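> Below you will find the structure I want to go over with you.
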Amino acid sequence: MAKWRDNATMRVLGIESSCDETAVAIISESSGLLANKLYSQIELHSPYGGVVPELASRDHIRKLGPLVHETLAESKLELADIDAIAYTSGPGLMGALMVGAGFARSLAWSIDKPAISIHHMEAHLLAPLIENISPNLPYVALLVSGGHTLLVKIDALGDYTILGESIDDAVGEAFDKTAQLLGLPYPGGPHIAKLAIQGNAKRFNFPRPMTDRPGLDFSFSGLKTHVLNTLRGLQKNQSSIDDQTRADVACAFEEAAVDTLVIKSLRALEQSNANTLVVAGGVGANKKLRQQLKENLAKRGMEVFYPAPEFCTDNAAMVAQLGLLKLAELRVQETIPAQELQIKVQPRWSLEAI
Ligand code: KG4
Ligand code: ZN
């Protein structure tokens with residue numbers, strides 16, 4: 001069985017392939033992030049208005065090898081200089097996860113180093129650490145992407161409580177579906193935000209789902225249906241919907257979605273006795289959401305933190321970062337644990353089950 005490199009600064013190569021981004025990064029214990037590469041499949045899936053799982057898996061196979069080469073070259077390292085391979089093993093798309101896990105475990109096996117399985121959402125929660133920022137504990141994270149809407153309390157590394165989550169569509173999915181109804185390209189979030197700038201916020205008032213009752217769960221499918229019914233109602237009265245009306249609908253939808261996230265985030269902070277909110281995921285790029293969270297939290301003496309955009313959306317730096325923390329735990333055992341030959345992934349995997 002191999003030994004650790006003597007007195008070495010640990011370096012971890014991270015691999016992310018849970019959805020439609022293929023990403024590879026290398027992080028060093030002493031020098032931080034050495035390289036962070038990402039290939040987005042947006043163009044591949046765009047004609048279908050959403051991610052096609054089979055196409056995603058095939059593309060990860062095509063891109064992973066070249067990305068590992070590029071990442072090593074940029075870090076001026078060879079595979080032998082890497083101490084562990086960390087990879088996302090769930091939650092996510094089964095085929096996409098299998099590609100990343102199979103690749104990562106084979107790579108680790110070939111250099112006789114550990115392969116470390118990473119929970120994708122846990123990596124998102126700890127993304128601030130990439131920039132050397134450790135929010136005061138406990139803190140609350142709002143994870144808002146195309147696949148997830150979650151409020152999580154973080155009491156310590158590995159100690160997570162899910163405070164609330166979407167019982168149906170994720171908020172990013174609602175942005176994407178609303179965009180599709182308005183004839184906008186995929187992914188729809190940025191296009192809705194752009195169109196909403198021209199909209200009149202007073203023309204329509206859409207519901208803020210599940211905010212009128214206690215609790216921290218979300219539901220966004222009704223909001224999307226409300227958009228559909230509004231557009232159908234308008235189409236009955238006029239043959240085509242004019243540009244101003246489309247902007248007004250985009251604006252009403254965005255306001256409702258953002259308000260809902262703000263109301264629930266404030267509730268989660270108060271309930272957890274926390275004063276810091278970390279926002280991650282693609283919807284975290286939304287300017288209205290950022291502005292409203294900032295204003296509302298500042299009024300209560302609380303603060304909101306956003307990882308840099310490249311660490312906010314799916315990336316491999318967060319996988320490598322969490323891998324480094326897990327490697328530190330493994331090192332205490334002094335020898336490298338034996339490799340399991342079986343490759344396991346968990347498309348559904350609760351943060352509380354880690
Ligand atoms: O985290 P992410 O990049 O990828 C995954 O879901 O895995 O999130 C993508 C989601 C999409 O649903 C997209 O429409 C949404 O984030 N999004 C936005 C904005 N930018 C991206 N939603 C609202 N406003 C934005 N500015
Ligand atoms: Zn993600």
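Residues in the structure tokens are named by chain (A, B, ... in the order shown) and by number from 1 within that chain; ligands are numbered from 1 in the order shown.
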As a list in words, please: the residues near segment 105-107 of chain A (cut-off 8 Å, only C-alpha atoms, same-chain neighbours under 5 positions excluded).
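Neighbouring residues, sequence-local ones excluded: Ile85, Ala115 and Ile343 of chain A.
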> Save the residues we just selected, N, CA, C and O atoms, as a PDB file, in the first residue's frame?

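Result file result_6.pdb:
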ATOM      1  N   ILE A  85      -8.035  12.188  -5.394  1.00  0.00           N
ATOM      2  CA  ILE A  85      -9.000  12.625  -6.410  1.00  0.00           C
ATOM      3  C   ILE A  85     -10.364  12.695  -5.720  1.00  0.00           C
ATOM      4  O   ILE A  85     -10.850  11.686  -5.200  1.00  0.00           O
ATOM      5  N   ALA A 115      -9.547   7.919  -3.637  1.00  0.00           N
ATOM      6  CA  ALA A 115     -10.635   8.602  -4.343  1.00  0.00           C
ATOM      7  C   ALA A 115     -11.641   9.001  -3.259  1.00  0.00           C
ATOM      8  O   ALA A 115     -12.024   8.171  -2.437  1.00  0.00           O
ATOM      9  N   ILE A 343     -17.995   1.024  -7.810  1.00  0.00           N
ATOM     10  CA  ILE A 343     -18.241   2.450  -8.033  1.00  0.00           C
ATOM     11  C   ILE A 343     -19.690   2.751  -7.690  1.00  0.00           C
ATOM     12  O   ILE A 343     -20.609   2.226  -8.323  1.00  0.00           O
TER      13      ILE A 343
END
> Can you tell me, as a ChimeraX atom specification, what residues are no more than 12 Å from segment 180-183 of chain A when counting only C-alpha atoms, ignoring any on the same chain fewer than 4 positions away?
/A:46-50,173-176,187-189,191-192,195-196,224-232,240-251,253
> Would you write out, as CSV, a table of all residues in chain A that have an atom no more than 12 Å from an atom of ligand 2, listing for each the closest atom pair and the distance in Å to one decimal, considering only C-alpha atoms and all ligand atoms and ordering rows by chain and rising residue number?

residue,atom,partner,partner_atom_place_in_ligand_line,distance
A:Glu16,CA,ligand 2,1 (Zn),9.5
A:Ser17,CA,ligand 2,1 (Zn),10.0
A:Ser18,CA,ligand 2,1 (Zn),7.9
A:Cys19,CA,ligand 2,1 (Zn),8.0
A:Asp20,CA,ligand 2,1 (Zn),9.8
A:Glu21,CA,ligand 2,1 (Zn),9.4
A:Thr22,CA,ligand 2,1 (Zn),11.8
A:Ala23,CA,ligand 2,1 (Zn),11.7
A:Thr88,CA,ligand 2,1 (Zn),10.3
A:Gly90,CA,ligand 2,1 (Zn),10.4
A:Pro91,CA,ligand 2,1 (Zn),9.2
A:Gly92,CA,ligand 2,1 (Zn),8.7
A:Leu93,CA,ligand 2,1 (Zn),11.6
A:His119,CA,ligand 2,1 (Zn),10.2
A:His120,CA,ligand 2,1 (Zn),6.5
A:Met121,CA,ligand 2,1 (Zn),6.5
A:Glu122,CA,ligand 2,1 (Zn),9.7
A:Ala123,CA,ligand 2,1 (Zn),8.6
A:His124,CA,ligand 2,1 (Zn),6.6
A:Leu125,CA,ligand 2,1 (Zn),10.0
A:Ala127,CA,ligand 2,1 (Zn),10.9
A:Leu142,CA,ligand 2,1 (Zn),11.8
A:Leu143,CA,ligand 2,1 (Zn),8.1
A:Val144,CA,ligand 2,1 (Zn),8.4
A:Ser145,CA,ligand 2,1 (Zn),6.4
A:Gly146,CA,ligand 2,1 (Zn),8.1
A:Gly147,CA,ligand 2,1 (Zn),7.5
A:His148,CA,ligand 2,1 (Zn),7.6
A:Thr149,CA,ligand 2,1 (Zn),10.3
A:Leu150,CA,ligand 2,1 (Zn),11.2
A:Ala170,CA,ligand 2,1 (Zn),11.8
A:Gly172,CA,ligand 2,1 (Zn),11.2
A:Val279,CA,ligand 2,1 (Zn),11.8
A:Ala280,CA,ligand 2,1 (Zn),8.2
A:Gly281,CA,ligand 2,1 (Zn),5.9
A:Gly282,CA,ligand 2,1 (Zn),8.0
A:Val283,CA,ligand 2,1 (Zn),10.7
A:Gly284,CA,ligand 2,1 (Zn),11.4
A:Glu310,CA,ligand 2,1 (Zn),11.5
A:Phe311,CA,ligand 2,1 (Zn),9.9
A:Cys312,CA,ligand 2,1 (Zn),8.3
A:Thr313,CA,ligand 2,1 (Zn),6.1
A:Asp314,CA,ligand 2,1 (Zn),4.6
A:Asn315,CA,ligand 2,1 (Zn),7.8
A:Ala316,CA,ligand 2,1 (Zn),10.3
A:Met318,CA,ligand 2,1 (Zn),10.1
A:Val319,CA,ligand 2,1 (Zn),10.7
> List every residue of segment 36-278 of chain A that DSSP, applied to the backbone of this structure, assigns to helix (DSSP H, G or I), and report them as a ChimeraX atom specification.
/A:42-48,53-75,79-81,94-111,120-125,127-131,171-181,189-196,221-237,243-272
> Would you mind telling me which residue in A:Ser40, A:Ser28, A:Asn296, A:Ser134 lies nearest to ligand 1 when using only C-alpha atoms and all ligand atoms?
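Closest candidate: A:Ser40.
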> Quick one: residues within 10 Å of segment 297-309 of chain A, only C-alpha atoms, excluding same-chain residues fewer than 6 positions away - as a PDB file with C-alpha atoms, in the first residue's frame?

ATOM      1  CA  HIS A 124     -21.888  24.220  -2.365  1.00  0.00           C
ATOM      2  CA  LEU A 126     -18.697  25.210   1.987  1.00  0.00           C
ATOM      3  CA  ALA A 127     -17.837  27.173  -1.184  1.00  0.00           C
ATOM      4  CA  PRO A 128     -16.899  30.336   0.820  1.00  0.00           C
ATOM      5  CA  LEU A 129     -13.848  28.434   2.116  1.00  0.00           C
ATOM      6  CA  ILE A 130     -12.315  28.499  -1.392  1.00  0.00           C
ATOM      7  CA  GLU A 131     -11.886  32.250  -0.903  1.00  0.00           C
ATOM      8  CA  ILE A 133     -13.903  33.028   4.132  1.00  0.00           C
ATOM      9  CA  PRO A 135     -18.791  32.561   7.953  1.00  0.00           C
ATOM     10  CA  VAL A 140     -27.772  29.561   6.927  1.00  0.00           C
ATOM     11  CA  ALA A 141     -27.267  28.731   3.255  1.00  0.00           C
ATOM     12  CA  VAL A 262     -36.335  36.717   0.777  1.00  0.00           C
ATOM     13  CA  SER A 265     -34.494  33.294   4.137  1.00  0.00           C
ATOM     14  CA  LEU A 266     -35.303  35.879   6.833  1.00  0.00           C
ATOM     15  CA  LEU A 269     -32.158  33.135   9.921  1.00  0.00           C
ATOM     16  CA  GLU A 270     -34.428  34.168  12.774  1.00  0.00           C
ATOM     17  CA  ALA A 274     -27.926  32.950  12.818  1.00  0.00           C
ATOM     18  CA  ASN A 275     -26.843  36.285  11.395  1.00  0.00           C
ATOM     19  CA  THR A 276     -25.126  35.241   8.163  1.00  0.00           C
ATOM     20  CA  LEU A 277     -26.721  33.975   5.003  1.00  0.00           C
ATOM     21  CA  VAL A 278     -24.624  32.359   2.257  1.00  0.00           C
ATOM     22  CA  VAL A 279     -26.283  32.262  -1.152  1.00  0.00           C
ATOM     23  CA  ALA A 280     -25.157  29.727  -3.755  1.00  0.00           C
ATOM     24  CA  GLY A 281     -26.440  28.408  -7.071  1.00  0.00           C
ATOM     25  CA  GLY A 282     -27.183  30.044 -10.409  1.00  0.00           C
ATOM     26  CA  GLY A 284     -27.933  33.701  -6.758  1.00  0.00           C
ATOM     27  CA  ALA A 285     -26.760  35.744  -9.760  1.00  0.00           C
ATOM     28  CA  ARG A 290     -29.100  40.239  -4.247  1.00  0.00           C
TER      29      ARG A 290
END
> Would you give me, as an mmCIF file with N, CA, C and O atoms, in the first residue's frame, the residues in segment 120-196 of chain A that DSSP reads as strand (DSSP E or B)?

data_model
loop_
_atom_site.group_PDB
_atom_site.id
_atom_site.type_symbol
_atom_site.label_atom_id
_atom_site.label_comp_id
_atom_site.auth_asym_id
_atom_site.auth_seq_id
_atom_site.Cartn_x
_atom_site.Cartn_y
_atom_site.Cartn_z
ATOM 1 N N TYR A 139 -24.443 29.313 10.432
ATOM 2 C CA TYR A 139 -24.955 30.167 9.369
ATOM 3 C C TYR A 139 -26.000 29.410 8.551
ATOM 4 O O TYR A 139 -26.165 28.188 8.722
ATOM 5 N N VAL A 140 -26.717 30.172 7.746
ATOM 6 C CA VAL A 140 -27.772 29.561 6.927
ATOM 7 C C VAL A 140 -27.352 29.698 5.470
ATOM 8 O O VAL A 140 -26.810 30.725 5.070
ATOM 9 N N ALA A 141 -27.563 28.654 4.696
ATOM 10 C CA ALA A 141 -27.267 28.731 3.255
ATOM 11 C C ALA A 141 -28.563 28.607 2.471
ATOM 12 O O ALA A 141 -29.427 27.787 2.796
ATOM 13 N N LEU A 142 -28.684 29.467 1.479
ATOM 14 C CA LEU A 142 -29.799 29.389 0.533
ATOM 15 C C LEU A 142 -29.211 28.876 -0.780
ATOM 16 O O LEU A 142 -28.404 29.562 -1.412
ATOM 17 N N LEU A 143 -29.585 27.652 -1.151
ATOM 18 C CA LEU A 143 -29.059 27.053 -2.388
ATOM 19 C C LEU A 143 -30.145 27.088 -3.444
ATOM 20 O O LEU A 143 -31.175 26.427 -3.308
ATOM 21 N N VAL A 144 -29.926 27.910 -4.450
ATOM 22 C CA VAL A 144 -30.967 28.120 -5.456
ATOM 23 C C VAL A 144 -30.400 27.908 -6.861
ATOM 24 O O VAL A 144 -29.660 28.737 -7.375
ATOM 25 N N THR A 149 -33.783 24.018 -4.502
ATOM 26 C CA THR A 149 -34.134 25.204 -3.706
ATOM 27 C C THR A 149 -34.117 24.716 -2.269
ATOM 28 O O THR A 149 -34.988 23.953 -1.855
ATOM 29 N N LEU A 150 -33.108 25.128 -1.520
ATOM 30 C CA LEU A 150 -32.897 24.574 -0.183
ATOM 31 C C LEU A 150 -32.488 25.670 0.786
ATOM 32 O O LEU A 150 -31.710 26.565 0.419
ATOM 33 N N LEU A 151 -32.977 25.577 2.005
ATOM 34 C CA LEU A 151 -32.449 26.398 3.099
ATOM 35 C C LEU A 151 -31.828 25.428 4.098
ATOM 36 O O LEU A 151 -32.487 24.483 4.547
ATOM 37 N N VAL A 152 -30.552 25.626 4.409
ATOM 38 C CA VAL A 152 -29.830 24.679 5.262
ATOM 39 C C VAL A 152 -29.152 25.427 6.393
ATOM 40 O O VAL A 152 -28.555 26.491 6.167
ATOM 41 N N LYS A 153 -29.224 24.859 7.610
ATOM 42 C CA LYS A 153 -28.476 25.436 8.732
ATOM 43 C C LYS A 153 -27.169 24.656 8.871
ATOM 44 O O LYS A 153 -27.172 23.423 8.866
ATOM 45 N N ILE A 154 -26.073 25.409 8.976
ATOM 46 C CA ILE A 154 -24.753 24.779 9.126
ATOM 47 C C ILE A 154 -24.266 25.060 10.544
ATOM 48 O O ILE A 154 -23.999 26.215 10.896
ATOM 49 N N ASP A 155 -24.174 24.006 11.362
ATOM 50 C CA ASP A 155 -23.687 24.178 12.735
ATOM 51 C C ASP A 155 -22.198 23.889 12.834
ATOM 52 O O ASP A 155 -21.522 24.440 13.701
ATOM 53 N N ALA A 156 -21.720 23.022 11.977
ATOM 54 C CA ALA A 156 -20.289 22.671 11.939
ATOM 55 C C ALA A 156 -20.068 21.861 10.679
ATOM 56 O O ALA A 156 -21.036 21.466 10.024
ATOM 57 N N ASP A 159 -22.337 18.899 10.002
ATOM 58 C CA ASP A 159 -23.553 18.986 10.825
ATOM 59 C C ASP A 159 -24.547 19.939 10.156
ATOM 60 O O ASP A 159 -24.510 21.150 10.363
ATOM 61 N N TYR A 160 -25.409 19.372 9.333
ATOM 62 C CA TYR A 160 -26.326 20.179 8.528
ATOM 63 C C TYR A 160 -27.781 19.828 8.828
ATOM 64 O O TYR A 160 -28.116 18.660 8.983
ATOM 65 N N THR A 161 -28.617 20.840 8.886
ATOM 66 C CA THR A 161 -30.050 20.608 9.065
ATOM 67 C C THR A 161 -30.787 21.267 7.907
ATOM 68 O O THR A 161 -30.617 22.475 7.674
ATOM 69 N N ILE A 162 -31.583 20.494 7.202
ATOM 70 C CA ILE A 162 -32.397 21.081 6.132
ATOM 71 C C ILE A 162 -33.590 21.761 6.785
ATOM 72 O O ILE A 162 -34.403 21.136 7.456
ATOM 73 N N LEU A 163 -33.668 23.068 6.603
ATOM 74 C CA LEU A 163 -34.752 23.845 7.214
ATOM 75 C C LEU A 163 -35.967 23.873 6.299
ATOM 76 O O LEU A 163 -37.111 23.915 6.746
ATOM 77 N N GLY A 164 -35.719 23.896 4.994
ATOM 78 C CA GLY A 164 -36.830 23.935 4.042
ATOM 79 C C GLY A 164 -36.328 23.604 2.659
ATOM 80 O O GLY A 164 -35.146 23.766 2.352
ATOM 81 N N GLU A 165 -37.238 23.090 1.821
ATOM 82 C CA GLU A 165 -36.860 22.807 0.428
ATOM 83 C C GLU A 165 -38.095 22.851 -0.451
ATOM 84 O O GLU A 165 -39.220 22.877 0.053
ATOM 85 N N SER A 166 -37.894 22.832 -1.742
ATOM 86 C CA SER A 166 -39.048 22.914 -2.629
ATOM 87 C C SER A 166 -39.758 21.570 -2.671
ATOM 88 O O SER A 166 -39.120 20.521 -2.778
#
> Taking only C-alpha atoms into account, which of A:Gln321, A:Ser221, A:Asn136, A:Asn237 comes nearest Gly14 of chain A?
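Counting only C-alpha atoms, the residue closest to Gly14 of chain A is A:Gln321.
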> Considering only C-alpha atoms and all ligand atoms, can you say which of A:Leu38, A:Ile111, A:Leu13, A:Ala104 comes closest to ligand 1?
A:Leu38
> Leaving out segment 63-73 of chain A and any residue of its chain fewer than 5 positions from it, which residues lie within 8 Å of it when counting only C-alpha atoms, given as a list in words?
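Here the qualifying residues turn out to be Thr22, Ala23, Val24, Ala25, Ile26, Ala35, Asn36, Lys37, Leu38, Tyr39, Glu78, Leu79, Gly100 and Phe103 of chain A.
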> Calculated over only C-alpha atoms and all ligand atoms, which of the candidates A:Leu289, A:Leu223, A:Ala256, A:Ala101 has the smallest distance to ligand 1?
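The shortest atom-to-atom distance to ligand 1 comes from A:Leu289.
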> May I ask for the distance between atom CA of Ser117 of chain A and atom CA of Glu74 of chain A, given in Å to one decimal place?
24.3 Å
> Could you list, as a ChimeraX atom specification, every residue within 9 Å of Leu327 of chain A, counting only C-alpha atoms and ignoring same-chain residues fewer than 2 positions away?
/A:10,12,83-84,114,116,322-325,329-332
> For atom CA of Glu295 of chain A and atom 25 (C, counted along the ligand's line) of ligand 1, determine how far apart the two atoms are, in Å to one decimal place.
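Between atom CA of Glu295 of chain A and atom 25 (C, counted along the ligand's line) of ligand 1 the gap is 18.4 Å.
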> Just to confirm, what's the straight-line distance from atom CA of Glu254 of chain A to atom 11 (C, counted along the ligand's line) of ligand 1 in Å (one decimal)?
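Answer for the atom CA of Glu254 of chain A to atom 11 (C, counted along the ligand's line) of ligand 1 separation: 13.3 Å.
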